file protein08.txt (compact mmCIF, N, CA, C and O atoms)
# COMPACT_ATOMS: atom_id res chain seq x y z
N MET A 1 0.31 -2.74 19.24
CA MET A 1 -0.24 -1.46 18.87
C MET A 1 -0.58 -1.48 17.37
O MET A 1 0.25 -1.87 16.56
N LEU A 2 -1.78 -1.07 17.04
CA LEU A 2 -2.21 -1.07 15.66
C LEU A 2 -1.72 0.20 14.94
O LEU A 2 -1.69 1.28 15.52
N LYS A 3 -1.34 0.03 13.68
CA LYS A 3 -0.91 1.13 12.83
C LYS A 3 -1.78 1.14 11.59
O LYS A 3 -2.35 0.13 11.21
N LYS A 4 -1.86 2.30 10.95
CA LYS A 4 -2.63 2.44 9.73
C LYS A 4 -1.69 2.24 8.53
O LYS A 4 -0.63 2.85 8.46
N PHE A 5 -2.08 1.36 7.61
CA PHE A 5 -1.30 1.11 6.40
C PHE A 5 -2.17 1.40 5.18
O PHE A 5 -3.35 1.08 5.16
N THR A 6 -1.57 2.01 4.17
CA THR A 6 -2.22 2.19 2.88
C THR A 6 -1.81 1.02 1.99
O THR A 6 -0.63 0.74 1.85
N VAL A 7 -2.80 0.34 1.41
CA VAL A 7 -2.55 -0.83 0.57
C VAL A 7 -2.92 -0.47 -0.86
O VAL A 7 -3.98 0.10 -1.11
N LYS A 8 -2.03 -0.80 -1.79
CA LYS A 8 -2.28 -0.58 -3.21
C LYS A 8 -2.14 -1.93 -3.91
O LYS A 8 -1.13 -2.59 -3.75
N ILE A 9 -3.16 -2.31 -4.67
CA ILE A 9 -3.12 -3.59 -5.37
C ILE A 9 -3.33 -3.35 -6.86
O ILE A 9 -4.26 -2.64 -7.25
N TRP A 10 -2.43 -3.92 -7.67
CA TRP A 10 -2.59 -3.94 -9.12
C TRP A 10 -2.68 -5.40 -9.51
O TRP A 10 -1.77 -6.18 -9.23
N ALA A 11 -3.76 -5.80 -10.16
CA ALA A 11 -3.91 -7.19 -10.58
C ALA A 11 -4.89 -7.27 -11.73
O ALA A 11 -5.96 -6.66 -11.69
N TYR A 12 -4.52 -8.03 -12.75
CA TYR A 12 -5.41 -8.29 -13.88
C TYR A 12 -5.97 -7.00 -14.47
O TYR A 12 -7.16 -6.90 -14.75
N ASP A 13 -5.10 -6.01 -14.64
CA ASP A 13 -5.47 -4.72 -15.24
C ASP A 13 -6.44 -3.92 -14.37
O ASP A 13 -7.17 -3.07 -14.86
N TYR A 14 -6.49 -4.19 -13.06
CA TYR A 14 -7.32 -3.42 -12.14
C TYR A 14 -6.46 -2.88 -11.01
O TYR A 14 -5.40 -3.43 -10.69
N HIS A 15 -6.91 -1.82 -10.39
CA HIS A 15 -6.18 -1.17 -9.31
C HIS A 15 -7.15 -0.87 -8.16
O HIS A 15 -8.30 -0.50 -8.40
N ALA A 16 -6.66 -1.04 -6.94
CA ALA A 16 -7.44 -0.67 -5.75
C ALA A 16 -6.49 -0.05 -4.74
O ALA A 16 -5.33 -0.45 -4.63
N LYS A 17 -6.98 0.93 -4.00
CA LYS A 17 -6.20 1.57 -2.94
C LYS A 17 -7.13 1.73 -1.74
O LYS A 17 -8.24 2.24 -1.87
N PHE A 18 -6.67 1.26 -0.58
CA PHE A 18 -7.47 1.34 0.64
C PHE A 18 -6.56 1.30 1.85
O PHE A 18 -5.36 1.06 1.72
N GLN A 19 -7.12 1.56 3.03
CA GLN A 19 -6.33 1.56 4.26
C GLN A 19 -6.81 0.45 5.19
O GLN A 19 -8.00 0.10 5.19
N VAL A 20 -5.86 -0.11 5.94
CA VAL A 20 -6.17 -1.13 6.94
C VAL A 20 -5.45 -0.79 8.24
O VAL A 20 -4.44 -0.09 8.24
N LEU A 21 -5.98 -1.28 9.35
CA LEU A 21 -5.31 -1.19 10.64
C LEU A 21 -4.73 -2.56 10.96
O LEU A 21 -5.42 -3.57 10.84
N ALA A 22 -3.45 -2.59 11.34
CA ALA A 22 -2.80 -3.87 11.63
C ALA A 22 -1.60 -3.63 12.53
O ALA A 22 -1.10 -2.51 12.66
N GLU A 23 -1.15 -4.72 13.16
CA GLU A 23 0.12 -4.66 13.88
C GLU A 23 1.24 -4.60 12.86
O GLU A 23 1.06 -4.97 11.70
N ASP A 24 2.39 -4.13 13.26
CA ASP A 24 3.50 -3.93 12.33
C ASP A 24 4.27 -5.24 12.10
O ASP A 24 5.44 -5.36 12.44
N ASN A 25 3.57 -6.24 11.53
CA ASN A 25 4.23 -7.48 11.14
C ASN A 25 3.50 -8.06 9.94
O ASN A 25 2.34 -7.74 9.68
N ARG A 26 4.19 -8.88 9.18
CA ARG A 26 3.68 -9.40 7.92
C ARG A 26 2.35 -10.11 8.06
O ARG A 26 1.40 -9.86 7.32
N GLU A 27 2.25 -11.00 9.02
CA GLU A 27 1.03 -11.80 9.18
C GLU A 27 -0.19 -10.94 9.50
O GLU A 27 -1.26 -11.12 8.92
N SER A 28 -0.04 -9.98 10.39
CA SER A 28 -1.15 -9.11 10.75
C SER A 28 -1.59 -8.25 9.57
O SER A 28 -2.79 -8.08 9.33
N ILE A 29 -0.63 -7.73 8.82
CA ILE A 29 -0.96 -6.91 7.65
C ILE A 29 -1.68 -7.75 6.60
O ILE A 29 -2.71 -7.34 6.05
N GLU A 30 -1.16 -8.94 6.32
CA GLU A 30 -1.80 -9.82 5.33
C GLU A 30 -3.22 -10.18 5.75
O GLU A 30 -4.14 -10.15 4.93
N ASN A 31 -3.43 -10.51 7.02
CA ASN A 31 -4.77 -10.85 7.49
C ASN A 31 -5.73 -9.66 7.39
O ASN A 31 -6.90 -9.82 7.02
N SER A 32 -5.24 -8.46 7.68
CA SER A 32 -6.07 -7.27 7.57
C SER A 32 -6.46 -7.00 6.11
O SER A 32 -7.59 -6.61 5.83
N ILE A 33 -5.52 -7.23 5.20
CA ILE A 33 -5.81 -7.06 3.77
C ILE A 33 -6.86 -8.06 3.33
O ILE A 33 -7.83 -7.71 2.65
N LEU A 34 -6.71 -9.32 3.74
CA LEU A 34 -7.69 -10.35 3.37
C LEU A 34 -9.07 -10.06 3.95
O LEU A 34 -10.09 -10.26 3.28
N ASP A 35 -9.11 -9.56 5.19
CA ASP A 35 -10.39 -9.19 5.80
C ASP A 35 -11.07 -8.09 5.00
O ASP A 35 -12.27 -8.13 4.75
N LYS A 36 -10.29 -7.08 4.61
CA LYS A 36 -10.84 -5.95 3.85
C LYS A 36 -11.36 -6.42 2.48
O LYS A 36 -12.44 -6.02 2.06
N ILE A 37 -10.59 -7.29 1.82
CA ILE A 37 -11.04 -7.82 0.53
C ILE A 37 -12.32 -8.64 0.72
O ILE A 37 -13.23 -8.57 -0.10
N GLY A 38 -12.40 -9.40 1.81
CA GLY A 38 -13.58 -10.21 2.09
C GLY A 38 -14.83 -9.39 2.34
O GLY A 38 -15.94 -9.86 2.13
N GLU A 39 -14.68 -8.14 2.80
CA GLU A 39 -15.82 -7.27 3.03
C GLU A 39 -16.49 -6.85 1.72
O GLU A 39 -17.62 -6.39 1.72
N LYS A 40 -15.75 -6.96 0.62
CA LYS A 40 -16.22 -6.56 -0.72
C LYS A 40 -16.60 -5.09 -0.76
O LYS A 40 -17.51 -4.68 -1.48
N SER A 41 -15.90 -4.26 0.01
CA SER A 41 -16.17 -2.82 0.02
C SER A 41 -15.14 -2.03 -0.78
O SER A 41 -15.20 -0.80 -0.84
N ILE A 42 -14.20 -2.73 -1.40
CA ILE A 42 -13.13 -2.08 -2.15
C ILE A 42 -13.62 -1.74 -3.55
O ILE A 42 -14.24 -2.55 -4.22
N LYS A 43 -13.31 -0.52 -3.99
CA LYS A 43 -13.68 -0.10 -5.34
C LYS A 43 -12.49 -0.41 -6.27
O LYS A 43 -11.41 0.14 -6.12
N TRP A 44 -12.70 -1.31 -7.23
CA TRP A 44 -11.67 -1.69 -8.19
C TRP A 44 -11.83 -0.83 -9.44
O TRP A 44 -12.93 -0.68 -9.95
N GLU A 45 -10.72 -0.28 -9.92
CA GLU A 45 -10.74 0.56 -11.12
C GLU A 45 -9.86 -0.06 -12.18
O GLU A 45 -8.76 -0.54 -11.89
N SER A 46 -10.30 -0.02 -13.42
CA SER A 46 -9.50 -0.52 -14.53
C SER A 46 -8.38 0.47 -14.81
O SER A 46 -8.61 1.67 -14.89
N THR A 47 -7.16 -0.03 -14.94
CA THR A 47 -6.02 0.85 -15.21
C THR A 47 -5.78 1.01 -16.70
O THR A 47 -5.38 2.06 -17.15
N GLY A 48 -5.97 -0.06 -17.46
CA GLY A 48 -5.76 0.00 -18.88
C GLY A 48 -4.30 0.13 -19.29
O GLY A 48 -3.99 0.22 -20.47
N MET A 49 -3.37 0.14 -18.32
CA MET A 49 -1.97 0.34 -18.70
C MET A 49 -1.00 -0.63 -18.03
O MET A 49 0.19 -0.53 -18.28
N PHE A 50 -1.45 -1.54 -17.21
CA PHE A 50 -0.54 -2.46 -16.54
C PHE A 50 -0.67 -3.89 -17.05
O PHE A 50 -0.38 -4.84 -16.35
N LYS A 51 -1.09 -4.05 -18.28
CA LYS A 51 -1.33 -5.39 -18.81
C LYS A 51 -0.07 -6.24 -18.87
O LYS A 51 -0.12 -7.44 -18.68
N ASN A 52 1.09 -5.63 -19.12
CA ASN A 52 2.32 -6.40 -19.28
C ASN A 52 3.20 -6.40 -18.03
O ASN A 52 4.24 -7.05 -18.01
N ASN A 53 2.82 -5.65 -16.99
CA ASN A 53 3.62 -5.61 -15.76
C ASN A 53 3.22 -6.75 -14.83
O ASN A 53 2.08 -7.19 -14.83
N PRO A 54 4.14 -7.20 -13.99
CA PRO A 54 3.79 -8.25 -13.03
C PRO A 54 2.77 -7.73 -12.01
O PRO A 54 2.72 -6.55 -11.72
N HIS A 55 1.97 -8.61 -11.49
CA HIS A 55 0.99 -8.25 -10.46
C HIS A 55 1.73 -8.02 -9.16
O HIS A 55 2.70 -8.70 -8.85
N ARG A 56 1.28 -7.04 -8.40
CA ARG A 56 2.01 -6.70 -7.18
C ARG A 56 1.07 -6.11 -6.14
O ARG A 56 0.03 -5.56 -6.46
N ILE A 57 1.48 -6.23 -4.89
CA ILE A 57 0.78 -5.60 -3.77
C ILE A 57 1.84 -4.83 -2.99
O ILE A 57 2.92 -5.35 -2.70
N THR A 58 1.54 -3.58 -2.67
CA THR A 58 2.46 -2.78 -1.85
C THR A 58 1.69 -2.25 -0.66
O THR A 58 0.47 -2.13 -0.69
N TYR A 59 2.41 -1.92 0.40
CA TYR A 59 1.78 -1.24 1.52
C TYR A 59 2.79 -0.32 2.16
O TYR A 59 4.00 -0.49 2.03
N GLU A 60 2.27 0.73 2.79
CA GLU A 60 3.13 1.68 3.46
C GLU A 60 2.42 2.15 4.73
O GLU A 60 1.20 2.20 4.78
N GLU A 61 3.20 2.45 5.73
CA GLU A 61 2.63 2.94 6.98
C GLU A 61 2.21 4.39 6.80
O GLU A 61 2.91 5.18 6.19
N VAL A 62 1.05 4.75 7.32
CA VAL A 62 0.58 6.12 7.28
C VAL A 62 1.02 6.80 8.56
O VAL A 62 0.68 6.35 9.66
N VAL A 63 1.78 7.86 8.44
CA VAL A 63 2.28 8.58 9.60
C VAL A 63 1.67 9.98 9.61
O VAL A 63 1.84 10.73 8.66
N ASP A 64 0.93 10.29 10.65
CA ASP A 64 0.35 11.63 10.78
C ASP A 64 1.34 12.50 11.53
O ASP A 64 1.24 12.72 12.73
N ASP A 65 2.33 12.98 10.82
CA ASP A 65 3.42 13.75 11.42
C ASP A 65 3.52 15.08 10.68
O ASP A 65 3.46 15.11 9.45
N THR A 66 3.69 16.15 11.40
CA THR A 66 3.76 17.47 10.77
C THR A 66 5.18 17.89 10.43
O THR A 66 5.38 18.92 9.80
N ARG A 67 6.17 17.11 10.87
CA ARG A 67 7.55 17.46 10.56
C ARG A 67 7.81 17.30 9.06
O ARG A 67 7.27 16.41 8.42
N PRO A 68 8.66 18.17 8.48
CA PRO A 68 8.97 18.01 7.05
C PRO A 68 9.78 16.74 6.82
O PRO A 68 10.57 16.33 7.67
N ILE A 69 9.56 16.12 5.68
CA ILE A 69 10.31 14.91 5.33
C ILE A 69 11.71 15.31 4.92
O ILE A 69 11.91 16.19 4.10
N GLN A 70 12.70 14.65 5.50
CA GLN A 70 14.09 14.90 5.13
C GLN A 70 14.43 14.02 3.94
O GLN A 70 13.99 12.87 3.85
N THR A 71 15.19 14.56 3.02
CA THR A 71 15.54 13.80 1.82
C THR A 71 17.05 13.73 1.66
O THR A 71 17.80 14.50 2.24
N LYS A 72 17.46 12.76 0.86
CA LYS A 72 18.87 12.54 0.58
C LYS A 72 18.95 12.07 -0.87
O LYS A 72 18.09 11.33 -1.33
N THR A 73 19.96 12.52 -1.60
CA THR A 73 20.11 12.11 -2.98
C THR A 73 21.00 10.87 -3.04
O THR A 73 22.12 10.86 -2.53
N VAL A 74 20.46 9.79 -3.62
CA VAL A 74 21.18 8.53 -3.75
C VAL A 74 21.19 8.16 -5.24
O VAL A 74 20.13 7.99 -5.83
N LEU A 75 22.37 8.08 -5.82
CA LEU A 75 22.53 7.75 -7.24
C LEU A 75 21.66 8.65 -8.12
O LEU A 75 21.01 8.20 -9.06
N GLY A 76 21.62 9.94 -7.77
CA GLY A 76 20.87 10.90 -8.57
C GLY A 76 19.37 10.92 -8.34
O GLY A 76 18.65 11.65 -9.00
N VAL A 77 18.89 10.11 -7.39
CA VAL A 77 17.45 10.07 -7.10
C VAL A 77 17.24 10.56 -5.67
O VAL A 77 17.92 10.11 -4.74
N GLN A 78 16.28 11.46 -5.47
CA GLN A 78 16.02 11.98 -4.15
C GLN A 78 15.06 11.02 -3.43
O GLN A 78 13.99 10.70 -3.94
N VAL A 79 15.47 10.55 -2.24
CA VAL A 79 14.66 9.61 -1.46
C VAL A 79 14.44 10.17 -0.07
O VAL A 79 15.25 10.95 0.44
N ALA A 80 13.34 9.77 0.58
CA ALA A 80 13.05 10.20 1.95
C ALA A 80 13.93 9.41 2.92
O ALA A 80 14.16 8.22 2.73
N VAL A 81 14.42 10.07 3.94
CA VAL A 81 15.23 9.40 4.96
C VAL A 81 14.69 9.77 6.34
O VAL A 81 14.09 10.81 6.52
N GLY A 82 14.89 8.91 7.30
CA GLY A 82 14.49 9.17 8.68
C GLY A 82 13.00 9.25 8.87
O GLY A 82 12.52 9.86 9.79
N VAL A 83 12.26 8.60 7.97
CA VAL A 83 10.79 8.63 8.06
C VAL A 83 10.33 7.47 8.89
O VAL A 83 10.81 6.40 8.80
call {"tool": "encode", "arguments": {"input": "protein08.txt", "output": "structure tokens"}}
result
Amino acid sequence: MLKKFTVKIWAYDYHAKFQVLAEDNRESIENSILDKIGEKSIKWESTGMFKNNPHRITYEEVVDDTRPIQTKTVLGVQVAVGV
């Protein structure tokens, strides 16, 4: 079953955010990201502020759910739980 993931990439002082459809496993997500990058349809924006931070790629599943997000405080930081 395919799921929608939001991908955020910061690299070489540029940032891109886009969505991909993939199965919920590492290989499928990575292949979907590479396919999207290969399409050359991603808009890259200069950040101007991540010059000294390590390059990173993150992704998160997009859930179209109307229920409120439950939170829990862990070490003084409020985090989502049961999502």
call {"tool": "residues_near_point", "arguments": {"input": "protein08.txt", "point": "(-6.2, 2.0, 2.5)", "cutoff": "6 Å", "atoms": "only N, CA, C and O atoms", "output": "PyMOL selection string"}}
result
chain A and resi 5-7+17-20
call {"tool": "write_last_selection", "arguments": {"input": "protein08.txt", "atoms": "N, CA, C and O atoms", "output": "PDB file, in the frame of the given file"}}
result
ATOM      1  N   PHE A   5      -2.080   1.360   7.610  1.00  0.00           N
ATOM      2  CA  PHE A   5      -1.300   1.110   6.400  1.00  0.00           C
ATOM      3  C   PHE A   5      -2.170   1.400   5.180  1.00  0.00           C
ATOM      4  O   PHE A   5      -3.350   1.080   5.160  1.00  0.00           O
ATOM      5  N   THR A   6      -1.570   2.010   4.170  1.00  0.00           N
ATOM      6  CA  THR A   6      -2.220   2.190   2.880  1.00  0.00           C
ATOM      7  C   THR A   6      -1.810   1.020   1.990  1.00  0.00           C
ATOM      8  O   THR A   6      -0.630   0.740   1.850  1.00  0.00           O
ATOM      9  N   VAL A   7      -2.800   0.340   1.410  1.00  0.00           N
ATOM     10  CA  VAL A   7      -2.550  -0.830   0.570  1.00  0.00           C
ATOM     11  C   VAL A   7      -2.920  -0.470  -0.860  1.00  0.00           C
ATOM     12  O   VAL A   7      -3.980   0.100  -1.110  1.00  0.00           O
ATOM     13  N   LYS A  17      -6.980   0.930  -4.000  1.00  0.00           N
ATOM     14  CA  LYS A  17      -6.200   1.570  -2.940  1.00  0.00           C
ATOM     15  C   LYS A  17      -7.130   1.730  -1.740  1.00  0.00           C
ATOM     16  O   LYS A  17      -8.240   2.240  -1.870  1.00  0.00           O
ATOM     17  N   PHE A  18      -6.670   1.260  -0.580  1.00  0.00           N
ATOM     18  CA  PHE A  18      -7.470   1.340   0.640  1.00  0.00           C
ATOM     19  C   PHE A  18      -6.560   1.300   1.850  1.00  0.00           C
ATOM     20  O   PHE A  18      -5.360   1.060   1.720  1.00  0.00           O
ATOM     21  N   GLN A  19      -7.120   1.560   3.030  1.00  0.00           N
ATOM     22  CA  GLN A  19      -6.330   1.560   4.260  1.00  0.00           C
ATOM     23  C   GLN A  19      -6.810   0.450   5.190  1.00  0.00           C
ATOM     24  O   GLN A  19      -8.000   0.100   5.190  1.00  0.00           O
ATOM     25  N   VAL A  20      -5.860  -0.110   5.940  1.00  0.00           N
ATOM     26  CA  VAL A  20      -6.170  -1.130   6.940  1.00  0.00           C
ATOM     27  C   VAL A  20      -5.450  -0.790   8.240  1.00  0.00           C
ATOM     28  O   VAL A  20      -4.440  -0.090   8.240  1.00  0.00           O
TER      29      VAL A  20
END
call {"tool": "atom_distance", "arguments": {"input": "protein08.txt", "atom1": "atom C of Ile9 in chain A", "atom2": "atom N of Lys43 in chain A"}}
result
10.8 Å
call {"tool": "atom_distance", "arguments": {"input": "protein08.txt", "atom1": "atom O of Ile37 in chain A", "atom2": "CA of Tyr12 in chain A"}}
result
15.8 Å
call {"tool": "residues_around", "arguments": {"input": "protein08.txt", "residues": "Tyr14 in chain A", "least_positions_apart": "6", "cutoff": "6 Å", "atoms": "only C-alpha atoms", "output": "PyMOL selection string"}}
result
chain A and resi 45-47
call {"tool": "atom_distance", "arguments": {"input": "protein08.txt", "atom1": "atom N of Ser28 in chain A", "atom2": "atom N of Lys8 in chain A"}}
result
15.4 Å
